file structure10.cif (mmCIF, C-alpha atoms)
data_input
#
loop_
_atom_site.label_atom_id
_atom_site.label_comp_id
_atom_site.auth_asym_id
_atom_site.auth_seq_id
_atom_site.Cartn_x
_atom_site.Cartn_y
_atom_site.Cartn_z
CA MET A 237 49.49 147.31 61.59
CA ASN A 238 46.29 148.62 63.12
CA PHE A 239 44.27 147.18 60.23
CA LEU A 240 45.79 143.72 60.78
CA GLN A 241 45.57 144.02 64.59
CA PHE A 242 41.78 143.98 64.53
CA PHE A 243 41.31 142.08 61.25
CA VAL A 244 42.57 138.92 62.97
CA TRP A 245 40.01 139.39 65.79
CA GLY A 246 37.05 140.11 63.54
CA ALA A 247 37.69 136.82 61.72
CA TRP A 248 36.30 134.81 64.63
CA LEU A 249 35.14 136.88 67.62
CA ILE A 250 31.55 137.52 66.48
CA SER A 251 30.97 134.17 64.76
CA LEU A 252 32.45 131.97 67.54
CA GLY A 253 29.22 131.77 69.56
CA GLY A 254 27.11 130.84 66.54
CA TYR A 255 29.65 128.21 65.52
CA MET A 256 29.66 126.64 69.00
CA GLY A 257 25.86 126.57 69.15
CA GLN A 258 25.64 124.98 65.73
CA THR A 259 28.48 122.49 66.19
CA PHE A 260 28.47 121.32 69.82
CA GLY A 261 25.00 121.65 71.31
CA PRO A 262 24.38 120.85 75.02
CA LEU A 263 27.42 119.60 76.93
CA GLU A 264 26.99 117.06 79.76
CA GLY A 265 23.52 118.30 80.61
CA SER A 266 24.59 121.96 80.61
CA SER A 267 23.08 124.43 78.18
CA ILE A 268 25.33 125.38 75.29
CA GLY A 269 24.51 128.97 76.23
CA LEU A 270 26.42 128.61 79.49
CA SER A 271 29.35 127.03 77.64
CA ILE A 272 29.43 129.91 75.13
CA GLY A 273 29.27 132.49 77.91
CA ARG A 274 32.14 130.94 79.82
CA THR A 275 34.24 130.56 76.67
CA TYR A 276 33.90 134.29 75.97
CA GLY A 277 34.54 134.94 79.66
CA SER A 278 37.93 133.23 79.30
CA MET A 279 39.07 136.37 77.44
CA GLY A 280 38.37 138.28 80.66
CA TRP A 281 40.48 135.90 82.74
CA ALA A 282 43.35 136.30 80.25
CA SER A 283 42.96 140.10 80.42
CA LEU A 284 43.47 140.10 84.19
CA PHE A 285 47.18 139.26 84.10
CA MET A 286 48.68 138.69 80.64
CA PRO A 287 48.69 142.32 79.35
CA ALA A 288 50.64 143.43 82.45
CA LEU A 289 53.05 140.49 82.21
CA LEU A 290 53.89 140.99 78.53
CA GLY A 291 53.97 144.77 79.09
CA ILE A 292 56.75 144.27 81.67
CA ILE A 293 58.67 142.09 79.20
CA ALA A 294 58.34 144.77 76.49
CA ASP A 295 59.40 147.51 78.93
CA LYS A 296 62.47 145.74 80.33
CA TYR A 297 63.77 142.92 78.17
CA PHE A 298 62.76 142.86 74.48
CA SER A 299 61.81 145.40 71.82
CA ALA A 300 58.06 146.05 71.97
CA GLN A 301 57.44 145.27 68.29
CA LYS A 302 59.15 141.87 68.75
CA VAL A 303 56.97 141.04 71.76
CA LEU A 304 53.95 142.14 69.71
CA GLY A 305 55.01 139.92 66.80
CA PHE A 306 55.76 136.92 69.03
CA SER A 307 52.38 137.25 70.77
CA HIS A 308 50.48 137.31 67.47
CA ILE A 309 52.33 134.21 66.21
CA ILE A 310 51.62 132.21 69.38
CA ALA A 311 47.97 133.36 69.33
CA GLY A 312 47.79 132.30 65.68
CA ILE A 313 49.10 128.84 66.50
CA ALA A 314 46.63 128.52 69.40
CA ILE A 315 43.54 129.59 67.42
CA PHE A 316 44.37 126.98 64.75
CA PHE A 317 43.48 124.24 67.23
CA ALA A 318 39.96 125.69 67.51
CA SER A 319 39.37 124.12 64.09
CA LYS A 320 40.06 120.73 65.70
CA ALA A 321 37.93 121.19 68.84
CA THR A 322 35.33 118.46 69.31
CA ASN A 323 33.45 119.88 72.30
CA SER A 324 32.88 123.07 74.30
CA ALA A 325 35.40 122.17 77.00
CA GLU A 326 38.21 121.94 74.45
CA MET A 327 37.10 125.19 72.83
CA TYR A 328 37.17 126.96 76.20
CA TRP A 329 40.85 126.17 76.80
CA ILE A 330 41.81 126.94 73.20
CA ILE A 331 40.17 130.39 73.33
CA PHE A 332 41.73 131.01 76.74
CA ALA A 333 45.19 130.16 75.38
CA THR A 334 44.60 132.34 72.31
CA SER A 335 43.40 135.23 74.49
CA CYS A 336 46.45 134.98 76.79
CA PHE A 337 48.56 136.08 73.84
CA TYR A 338 46.07 138.09 71.76
CA MET A 339 44.55 140.35 74.46
CA PRO A 340 47.96 141.87 75.41
CA THR A 341 48.55 142.83 71.77
CA ILE A 342 45.80 145.47 71.96
CA ALA A 343 47.82 147.53 74.47
CA LEU A 344 51.14 146.63 72.83
CA ASN A 345 49.79 147.79 69.47
CA ASN A 346 49.01 151.18 71.00
CA SER A 347 52.42 151.40 72.68
CA VAL A 348 54.30 150.59 69.47
CA SER A 349 52.15 153.04 67.50
CA TYR A 350 52.74 155.88 69.97
CA ALA A 351 56.48 155.21 70.11
CA ILE A 352 56.89 155.19 66.32
CA LEU A 353 54.79 158.34 65.89
CA ASN A 354 56.71 160.16 68.63
CA LYS A 355 60.04 159.06 67.16
CA ASN A 356 59.02 160.61 63.85
CA ASN A 357 57.78 163.83 65.52
CA PHE A 358 54.08 163.35 64.80
CA ASP A 359 51.33 164.79 66.99
CA VAL A 360 50.10 161.52 68.51
CA GLN A 361 46.66 162.78 69.55
CA LYS A 362 45.99 164.18 66.12
CA THR A 363 47.56 161.39 64.08
CA PHE A 364 46.72 158.15 65.87
CA THR A 365 42.91 158.33 65.82
CA PRO A 366 42.57 158.19 62.00
CA ILE A 367 45.19 155.41 62.02
CA ARG A 368 43.20 153.49 64.66
CA VAL A 369 40.04 153.78 62.55
CA TRP A 370 41.73 151.35 60.14
CA GLY A 371 41.54 148.80 62.94
CA THR A 372 37.75 149.00 62.90
CA ILE A 373 37.80 148.79 59.10
CA GLY A 374 39.94 145.66 59.37
CA PHE A 375 37.54 144.14 61.91
CA ILE A 376 34.56 144.81 59.63
CA LEU A 377 36.29 143.45 56.52
CA ALA A 378 37.24 140.23 58.32
CA MET A 379 33.61 139.82 59.45
CA TRP A 380 32.42 140.28 55.86
CA ILE A 381 34.89 137.72 54.52
CA THR A 382 33.89 135.18 57.19
CA ASP A 383 30.22 135.81 56.44
CA LEU A 384 30.21 135.95 52.64
CA THR A 385 32.33 132.79 52.34
CA ASP A 386 30.12 131.09 54.97
CA TRP A 387 33.28 130.21 56.91
CA LYS A 388 31.31 131.33 59.98
CA SER A 389 29.48 127.99 59.80
CA ASN A 390 32.57 125.80 59.79
CA SER A 391 36.09 125.54 61.21
CA ILE A 392 37.74 127.33 58.27
CA GLN A 393 37.20 130.63 60.11
CA PHE A 394 39.81 129.56 62.69
CA ILE A 395 42.31 128.48 60.03
CA PHE A 396 41.73 131.83 58.31
CA ALA A 397 42.31 133.65 61.62
CA SER A 398 45.40 131.54 62.35
CA VAL A 399 47.06 132.38 59.01
CA ALA A 400 46.17 136.07 59.42
CA MET A 401 47.60 136.18 62.96
CA ILE A 402 50.87 134.55 61.95
CA ILE A 403 51.23 136.93 58.99
CA THR A 404 50.53 139.85 61.33
CA GLY A 405 53.16 138.56 63.76
CA LEU A 406 55.78 138.29 61.03
CA PHE A 407 54.87 141.78 59.78
CA CYS A 408 55.50 143.21 63.26
CA TYR A 409 59.18 142.20 62.98
CA THR A 410 59.51 144.59 60.00
CA LEU A 411 58.38 147.62 62.06
CA PRO A 412 60.82 150.30 63.29
CA ASP A 413 62.55 149.25 66.49
CA VAL A 414 60.93 150.20 69.80
CA PRO A 415 63.68 149.09 72.23
CA ALA A 416 63.18 148.12 75.84
CA GLU A 417 64.08 151.00 78.12
CA ASN A 418 64.57 149.00 81.33
CA LYS A 419 62.24 151.44 83.02
CA ASN A 420 60.31 151.01 86.26
CA THR A 421 63.21 148.94 87.67
CA ASN A 422 62.67 150.29 91.17
CA GLN A 423 58.96 149.61 91.27
CA SER A 424 57.46 146.87 93.37
CA LEU A 425 55.89 143.86 91.67
CA SER A 426 52.42 145.16 92.55
CA SER A 427 53.23 148.47 90.85
CA LYS A 428 54.44 146.71 87.73
CA PHE A 429 51.14 144.88 87.50
CA GLY A 430 49.19 148.10 88.07
CA LEU A 431 47.79 146.90 91.40
CA ASP A 432 48.76 150.18 93.08
CA SER A 433 46.03 151.85 91.02
CA PHE A 434 43.45 150.19 93.30
CA VAL A 435 44.17 153.03 95.73
CA LEU A 436 41.82 155.02 93.48
CA PHE A 437 38.93 153.11 95.04
CA LYS A 438 39.47 155.27 98.13
CA GLN A 439 37.98 158.16 96.15
CA LYS A 440 34.21 157.72 96.30
CA LYS A 441 33.51 159.23 92.87
CA LEU A 442 36.08 157.02 91.13
CA ALA A 443 35.06 153.93 93.09
CA ILE A 444 31.45 154.37 91.97
CA PHE A 445 32.57 154.98 88.40
CA PHE A 446 34.73 151.84 88.24
CA VAL A 447 31.90 149.68 89.59
CA PHE A 448 29.59 150.95 86.85
CA ALA A 449 32.39 150.49 84.30
CA MET A 450 32.50 146.83 85.33
CA LEU A 451 28.71 146.48 85.03
CA LEU A 452 28.69 148.07 81.56
CA GLY A 453 31.67 145.96 80.58
CA ALA A 454 29.47 142.94 81.26
CA ALA A 455 26.77 144.36 78.98
CA LEU A 456 29.32 144.83 76.20
CA GLN A 457 30.12 141.12 76.14
CA ILE A 458 26.53 139.95 75.76
CA THR A 459 25.97 140.77 72.10
CA ASN A 460 29.49 139.63 71.17
CA MET A 461 28.57 136.24 72.59
CA PHE A 462 25.03 135.75 71.40
CA GLY A 463 24.23 138.23 68.63
CA ASP A 464 25.22 135.86 65.82
CA THR A 465 23.74 132.81 67.58
CA PHE A 466 20.43 134.65 68.03
CA ILE A 467 20.05 135.69 64.39
CA ARG A 468 21.18 132.32 63.04
CA ASP A 469 18.69 130.53 65.29
CA PHE A 470 15.84 131.97 63.21
CA GLY A 471 16.95 129.58 60.45
CA SER A 472 15.21 126.73 62.26
CA ASN A 473 11.89 128.48 61.59
CA PRO A 474 10.59 127.89 58.01
CA GLU A 475 9.25 131.47 57.98
CA TYR A 476 12.79 132.89 58.17
CA LYS A 477 14.89 130.13 56.64
CA GLY A 478 16.88 131.48 53.69
CA THR A 479 16.34 135.16 54.52
CA PHE A 480 19.28 137.54 54.05
CA GLY A 481 19.57 138.09 57.82
CA VAL A 482 19.87 134.39 58.62
CA GLU A 483 22.23 133.63 55.73
CA HIS A 484 24.43 136.69 56.43
CA SER A 485 24.07 137.17 60.19
CA VAL A 486 27.67 138.34 60.67
CA PHE A 487 27.26 140.89 57.87
CA ILE A 488 24.16 142.28 59.63
CA ILE A 489 26.08 142.52 62.92
CA SER A 490 28.93 144.35 61.17
CA LEU A 491 26.56 147.34 60.91
CA SER A 492 27.30 147.78 64.63
CA GLN A 493 30.98 148.40 63.92
CA ILE A 494 30.13 150.77 61.06
CA SER A 495 27.88 152.71 63.44
CA GLU A 496 30.73 152.76 65.94
CA THR A 497 33.01 154.60 63.50
CA LEU A 498 30.31 157.21 62.82
CA PHE A 499 29.35 157.91 66.44
CA ILE A 500 32.99 158.66 67.29
CA LEU A 501 32.59 161.86 65.26
CA THR A 502 29.67 163.05 67.43
CA ILE A 503 31.43 162.69 70.79
CA PRO A 504 33.01 166.19 70.93
CA PHE A 505 29.59 167.83 70.48
CA PHE A 506 27.85 165.64 73.07
CA LEU A 507 30.62 166.01 75.66
CA LYS A 508 30.70 169.79 75.25
CA ARG A 509 26.92 170.14 75.35
CA PHE A 510 25.92 167.58 78.00
CA GLY A 511 28.98 166.50 79.99
CA ILE A 512 30.42 163.12 80.83
CA LYS A 513 27.66 161.93 83.18
CA GLN A 514 24.88 162.56 80.68
CA VAL A 515 26.91 161.12 77.80
CA MET A 516 27.37 157.93 79.80
CA MET A 517 23.63 157.94 80.55
CA PHE A 518 22.99 158.18 76.80
CA SER A 519 25.21 155.11 76.45
CA MET A 520 23.11 153.21 78.99
CA ILE A 521 19.87 154.23 77.26
CA ALA A 522 21.41 152.97 74.02
CA TRP A 523 22.18 149.63 75.69
CA VAL A 524 18.53 149.34 76.75
CA LEU A 525 17.50 150.01 73.14
CA ARG A 526 20.17 147.65 71.78
CA PHE A 527 18.77 144.71 73.74
CA GLY A 528 15.11 145.73 73.52
CA LEU A 529 15.21 146.05 69.73
CA PHE A 530 16.80 142.61 69.52
CA GLY A 531 13.88 141.35 71.59
CA ILE A 532 11.26 142.51 69.07
CA GLY A 533 13.33 142.04 65.91
CA ASN A 534 13.56 139.19 63.42
CA PRO A 535 15.20 138.66 60.00
CA GLY A 536 11.84 138.95 58.20
CA SER A 537 9.29 141.72 58.75
CA GLY A 538 11.17 142.81 61.89
CA VAL A 539 14.56 143.25 60.25
CA ILE A 540 14.28 147.03 60.67
CA PHE A 541 14.45 146.53 64.45
CA LEU A 542 17.65 144.51 64.08
CA ILE A 543 19.15 147.26 61.92
CA LEU A 544 18.12 149.94 64.45
CA SER A 545 19.76 147.85 67.17
CA MET A 546 22.99 147.83 65.19
CA ILE A 547 22.81 151.61 64.76
CA VAL A 548 22.34 152.41 68.47
CA TYR A 549 25.27 150.10 69.29
CA GLY A 550 27.64 152.83 68.08
CA MET A 551 26.35 155.18 70.78
CA ALA A 552 26.25 152.43 73.41
CA PHE A 553 29.88 151.44 72.82
CA ASP A 554 31.59 154.75 72.01
CA PHE A 555 29.86 156.97 74.53
CA PHE A 556 30.81 154.62 77.36
CA ASN A 557 34.37 153.73 76.35
CA ILE A 558 35.64 157.10 75.16
CA SER A 559 33.83 159.31 77.68
CA GLY A 560 34.84 156.90 80.45
CA SER A 561 38.48 157.04 79.42
CA LEU A 562 38.37 160.84 79.33
CA PHE A 563 36.77 160.94 82.78
CA VAL A 564 39.55 158.74 84.20
CA GLU A 565 42.22 160.95 82.63
CA LYS A 566 40.65 164.13 83.99
CA GLU A 567 40.02 162.87 87.52
CA THR A 568 43.38 161.19 88.24
CA ASP A 569 46.82 162.57 89.01
CA SER A 570 49.26 162.56 86.11
CA LYS A 571 51.46 160.05 87.97
CA MET A 572 48.57 157.59 88.12
CA ARG A 573 46.95 158.11 84.73
CA SER A 574 48.48 155.10 83.00
CA SER A 575 47.65 152.85 85.92
CA ALA A 576 44.16 154.33 86.13
CA GLN A 577 43.55 153.65 82.43
CA GLY A 578 44.78 150.12 83.00
CA LEU A 579 42.35 149.74 85.89
CA PHE A 580 39.52 151.03 83.69
CA MET A 581 40.35 148.39 81.09
CA LEU A 582 40.73 145.69 83.75
CA MET A 583 37.27 146.46 85.15
CA THR A 584 35.62 146.45 81.72
CA ASN A 585 37.53 143.86 79.66
CA GLY A 586 38.65 141.75 82.62
CA VAL A 587 36.20 141.55 85.52
CA GLY A 588 33.30 142.85 83.40
CA ALA A 589 33.94 140.25 80.68
CA ILE A 590 34.08 137.42 83.23
CA LEU A 591 30.85 138.48 84.93
CA GLY A 592 29.19 139.19 81.57
CA GLY A 593 30.09 135.75 80.28
CA GLU A 594 28.71 134.00 83.34
CA PHE A 595 25.59 136.19 83.63
CA ALA A 596 24.75 135.98 79.92
CA GLY A 597 25.39 132.25 79.78
CA ARG A 598 23.18 131.55 82.80
CA THR A 599 20.42 133.78 81.42
CA VAL A 600 20.39 131.99 78.06
CA SER A 601 20.51 128.65 79.89
CA TYR A 602 17.56 129.66 82.11
CA PHE A 603 15.44 130.58 79.10
CA THR A 604 16.35 127.44 77.14
CA ILE A 605 13.43 124.99 77.08
CA GLU A 606 13.90 121.63 75.35
CA ASN A 607 17.04 122.97 73.62
CA LYS A 608 15.08 125.94 72.25
CA VAL A 609 16.16 129.39 73.43
CA GLN A 610 13.35 131.85 74.21
CA TRP A 611 15.28 134.78 72.75
CA THR A 612 12.64 137.46 73.40
CA ASN A 613 12.84 136.72 77.14
CA VAL A 614 16.63 136.70 76.99
CA TRP A 615 16.95 140.11 75.33
CA PHE A 616 14.27 141.76 77.47
CA SER A 617 16.13 140.48 80.55
CA PHE A 618 19.31 142.10 79.30
CA ALA A 619 17.39 145.31 78.52
CA GLY A 620 16.07 145.29 82.09
CA TYR A 621 19.63 144.83 83.37
CA ALA A 622 20.81 147.88 81.40
CA LEU A 623 17.80 149.90 82.61
CA ILE A 624 18.58 149.08 86.26
CA ILE A 625 22.20 150.19 85.73
CA LEU A 626 20.92 153.45 84.22
CA LEU A 627 18.58 154.17 87.15
CA PHE A 628 21.23 153.47 89.80
CA PHE A 629 23.87 155.46 87.90
CA THR A 630 21.53 158.45 87.57
CA PHE A 631 21.02 158.75 91.32
CA ILE A 632 24.31 157.44 92.72
CA PHE A 633 26.95 159.00 90.47
CA LYS A 634 27.34 162.71 91.27
CA TYR A 635 29.15 164.85 88.74
CA LYS A 636 28.71 168.51 87.81
CA HIS A 637 29.39 169.39 84.19
CA ASN A 638 31.60 172.36 83.34
CA PRO A 639 31.68 172.89 79.54
CA ASN A 640 34.99 174.77 79.83
CA ASP A 641 36.71 171.65 81.26
CA VAL A 642 35.95 169.46 78.27
CA LYS A 643 38.99 168.65 76.19
CA ASP A 644 38.89 168.74 72.42
CA VAL A 645 38.72 165.10 71.24
CA SER A 646 37.65 165.96 67.70
CA HIS A 647 41.02 164.70 66.42
#
call {"tool": "encode", "arguments": {"input": "structure10.cif", "output": "structure tokens"}}
result
Amino acid sequence: MNFLQFFVWGAWLISLGGYMGQTFGPLEGSSIGLSIGRTYGSMGWASLFMPALLGIIADKYFSAQKVLGFSHIIAGIAIFFASKATNSAEMYWIIFATSCFYMPTIALNNSVSYAILNKNNFDVQKTFTPIRVWGTIGFILAMWITDLTDWKSNSIQFIFASVAMIITGLFCYTLPDVPAENKNTNQSLSSKFGLDSFVLFKQKKLAIFFVFAMLLGAALQITNMFGDTFIRDFGSNPEYKGTFGVEHSVFIISLSQISETLFILTIPFFLKRFGIKQVMMFSMIAWVLRFGLFGIGNPGSGVIFLILSMIVYGMAFDFFNISGSLFVEKETDSKMRSSAQGLFMLMTNGVGAILGGEFAGRTVSYFTIENKVQWTNVWFSFAGYALIILLFFTFIFKYKHNPNDVKDVSH
């Protein structure tokens, strides 16, 4: 299930931006970069309300695995229409509709997994992580298939994703039953949607952390949106046309996900040795390097810089997401932990994704001259953005590391 959960996302998430840039071009005088940014940002809008809404349905009315299956099937039907989109405006609403039903499945997938493991008396902490790794493997394999078949360059990628999503949805109906428990019946509507977790902003340390989580969440979206577009764009230059990087841009980007799986293994050491604040600072430094290396890289003589950028992505992504989640768990009351984790995700994948889409799109639009993107300026701007976040975080976020407080996350 975890393999399929992320396989269906990897089939189109990374290649969508490149496809839009190649297929649609400028829309009504607006740079295609802005259109791409806003289309990716639609996933953030969907993440603001749909996970909570479908979570309530799974808690109170229908078995969770059935809600998971239904959501995948509807998302699969929606993404099919991306293959028929004739302009960026249509693609925006199609991706928004797809995201309304796909984004909630990420949390539902975890809930179903935990429930089944608990029901069968497994140690969830120890057992789920190696199961979840198969999700990353699925994501990578889907990227490779899309790349090696060259579906990334045409609408077949969306038909491929649609079939995979519908199959995944049908598979979910074969899973062990995770019945609705009719819980939280006495909670207010705001509590059900996790809005009561905003009380955490009254704590200065957490408020500062969530703001930086939002800012880093924006950084995370940038390479999802434009990494493939950037590498493919070198194909218009005779010097790089036909190079492995240009022809297999999604394959090159998949090195980022491979790096991600490897850096997970280093987190226990870094957390124990340096503490959460410094680990998150390492993440920010890695974001600076991620963007800066893109700025000086190319698919020819500079391909080593692209590869190095993919390698540091593992640190940039893992050290922020996992250490951030652990910080939230440690610093919040047990009664608020689920809501606090939801708020962390809302700030990164919701608000952060929306701001990242708009910021990245406007930056690419600003540096587009006569329909030619000045990519070096774009990536150095993003690197400067990450550097500013690092400097502010270093001086504003106060946290004293105690090695004895660090939990064992080696499982």
call {"tool": "resolve_selection", "arguments": {"input": "structure10.cif", "expression": "the PyMOL selection byres ((chain A and resi 413) around 7)", "output": "VMD selection string"}}
result
chain A and resid 299 301 411 to 412 414 to 415
call {"tool": "closest_residue", "arguments": {"input": "structure10.cif", "among": "A:Phe316, A:Phe505, A:Phe285, A:Phe466", "to": "A:Val399", "atoms": "only C-alpha atoms"}}
result
A:Phe316
call {"tool": "closest_residue", "arguments": {"input": "structure10.cif", "among": "A:Ser319, A:Thr599, A:Asn613, A:Ser389", "to": "A:Val482", "atoms": "only C-alpha atoms"}}
result
A:Ser389
call {"tool": "residues_around", "arguments": {"input": "structure10.cif", "residues": "A:Ile268", "least_positions_apart": "2", "cutoff": "12 Å", "atoms": "all atoms listed in the file", "output": "VMD selection string"}}
result
chain A and resid 253 to 266 270 to 275 323 to 325 328 461 to 462 465 596 to 604 607 to 609
call {"tool": "residues_near_point", "arguments": {"input": "structure10.cif", "point": "(35.2, 153.1, 78.3)", "cutoff": "10 Å", "atoms": "all atoms listed in the file", "output": "PDB file with C-alpha atoms, keeping the file's coordinate frame"}}
result
ATOM      1  CA  ALA A 449      32.390 150.490  84.300  1.00  0.00           C
ATOM      2  CA  MET A 450      32.500 146.830  85.330  1.00  0.00           C
ATOM      3  CA  LEU A 452      28.690 148.070  81.560  1.00  0.00           C
ATOM      4  CA  GLY A 453      31.670 145.960  80.580  1.00  0.00           C
ATOM      5  CA  MET A 516      27.370 157.930  79.800  1.00  0.00           C
ATOM      6  CA  PHE A 553      29.880 151.440  72.820  1.00  0.00           C
ATOM      7  CA  ASP A 554      31.590 154.750  72.010  1.00  0.00           C
ATOM      8  CA  PHE A 555      29.860 156.970  74.530  1.00  0.00           C
ATOM      9  CA  PHE A 556      30.810 154.620  77.360  1.00  0.00           C
ATOM     10  CA  ASN A 557      34.370 153.730  76.350  1.00  0.00           C
ATOM     11  CA  ILE A 558      35.640 157.100  75.160  1.00  0.00           C
ATOM     12  CA  SER A 559      33.830 159.310  77.680  1.00  0.00           C
ATOM     13  CA  GLY A 560      34.840 156.900  80.450  1.00  0.00           C
ATOM     14  CA  SER A 561      38.480 157.040  79.420  1.00  0.00           C
ATOM     15  CA  LEU A 562      38.370 160.840  79.330  1.00  0.00           C
ATOM     16  CA  PHE A 563      36.770 160.940  82.780  1.00  0.00           C
ATOM     17  CA  VAL A 564      39.550 158.740  84.200  1.00  0.00           C
ATOM     18  CA  GLN A 577      43.550 153.650  82.430  1.00  0.00           C
ATOM     19  CA  PHE A 580      39.520 151.030  83.690  1.00  0.00           C
ATOM     20  CA  MET A 581      40.350 148.390  81.090  1.00  0.00           C
ATOM     21  CA  MET A 583      37.270 146.460  85.150  1.00  0.00           C
ATOM     22  CA  THR A 584      35.620 146.450  81.720  1.00  0.00           C
ATOM     23  CA  ASN A 585      37.530 143.860  79.660  1.00  0.00           C
TER      24      ASN A 585
END
call {"tool": "axis_aligned_box", "arguments": {"input": "structure10.cif", "around": "stretch 493-507 of chain A", "padding_each_side": "5 Å", "output": "JSON"}}
result
{"center_x": 30.4, "center_y": 158.1, "center_z": 68.4, "size_x": 15.2, "size_y": 29.4, "size_z": 24.6}
call {"tool": "closest_atom_pairs", "arguments": {"input": "structure10.cif", "of": "stretch 454-502 of chain A", "to": "stretch 522-543 of chain A", "cutoff": "8 Å", "atoms": "only C-alpha atoms", "output": "JSON lines"}}
result
{"residue": "A:Ala455", "atom": "CA", "partner": "A:Trp523", "partner_atom": "CA", "distance": 7.7}
{"residue": "A:Ile467", "atom": "CA", "partner": "A:Pro535", "partner_atom": "CA", "distance": 7.2}
{"residue": "A:Phe470", "atom": "CA", "partner": "A:Pro535", "partner_atom": "CA", "distance": 7.4}
{"residue": "A:Glu475", "atom": "CA", "partner": "A:Gly536", "partner_atom": "CA", "distance": 7.9}
{"residue": "A:Tyr476", "atom": "CA", "partner": "A:Gly536", "partner_atom": "CA", "distance": 6.1}
{"residue": "A:Thr479", "atom": "CA", "partner": "A:Pro535", "partner_atom": "CA", "distance": 6.6}
{"residue": "A:Phe480", "atom": "CA", "partner": "A:Pro535", "partner_atom": "CA", "distance": 7.3}
{"residue": "A:Gly481", "atom": "CA", "partner": "A:Pro535", "partner_atom": "CA", "distance": 4.9}
{"residue": "A:Val482", "atom": "CA", "partner": "A:Pro535", "partner_atom": "CA", "distance": 6.5}
{"residue": "A:Ile488", "atom": "CA", "partner": "A:Ile543", "partner_atom": "CA", "distance": 7.4}
{"residue": "A:Leu491", "atom": "CA", "partner": "A:Ile543", "partner_atom": "CA", "distance": 7.5}
call {"tool": "closest_residue", "arguments": {"input": "structure10.cif", "among": "A:Thr322, A:Thr363, A:Gln457, A:Thr334", "to": "A:Trp245", "atoms": "all atoms listed in the file"}}
result
A:Thr334
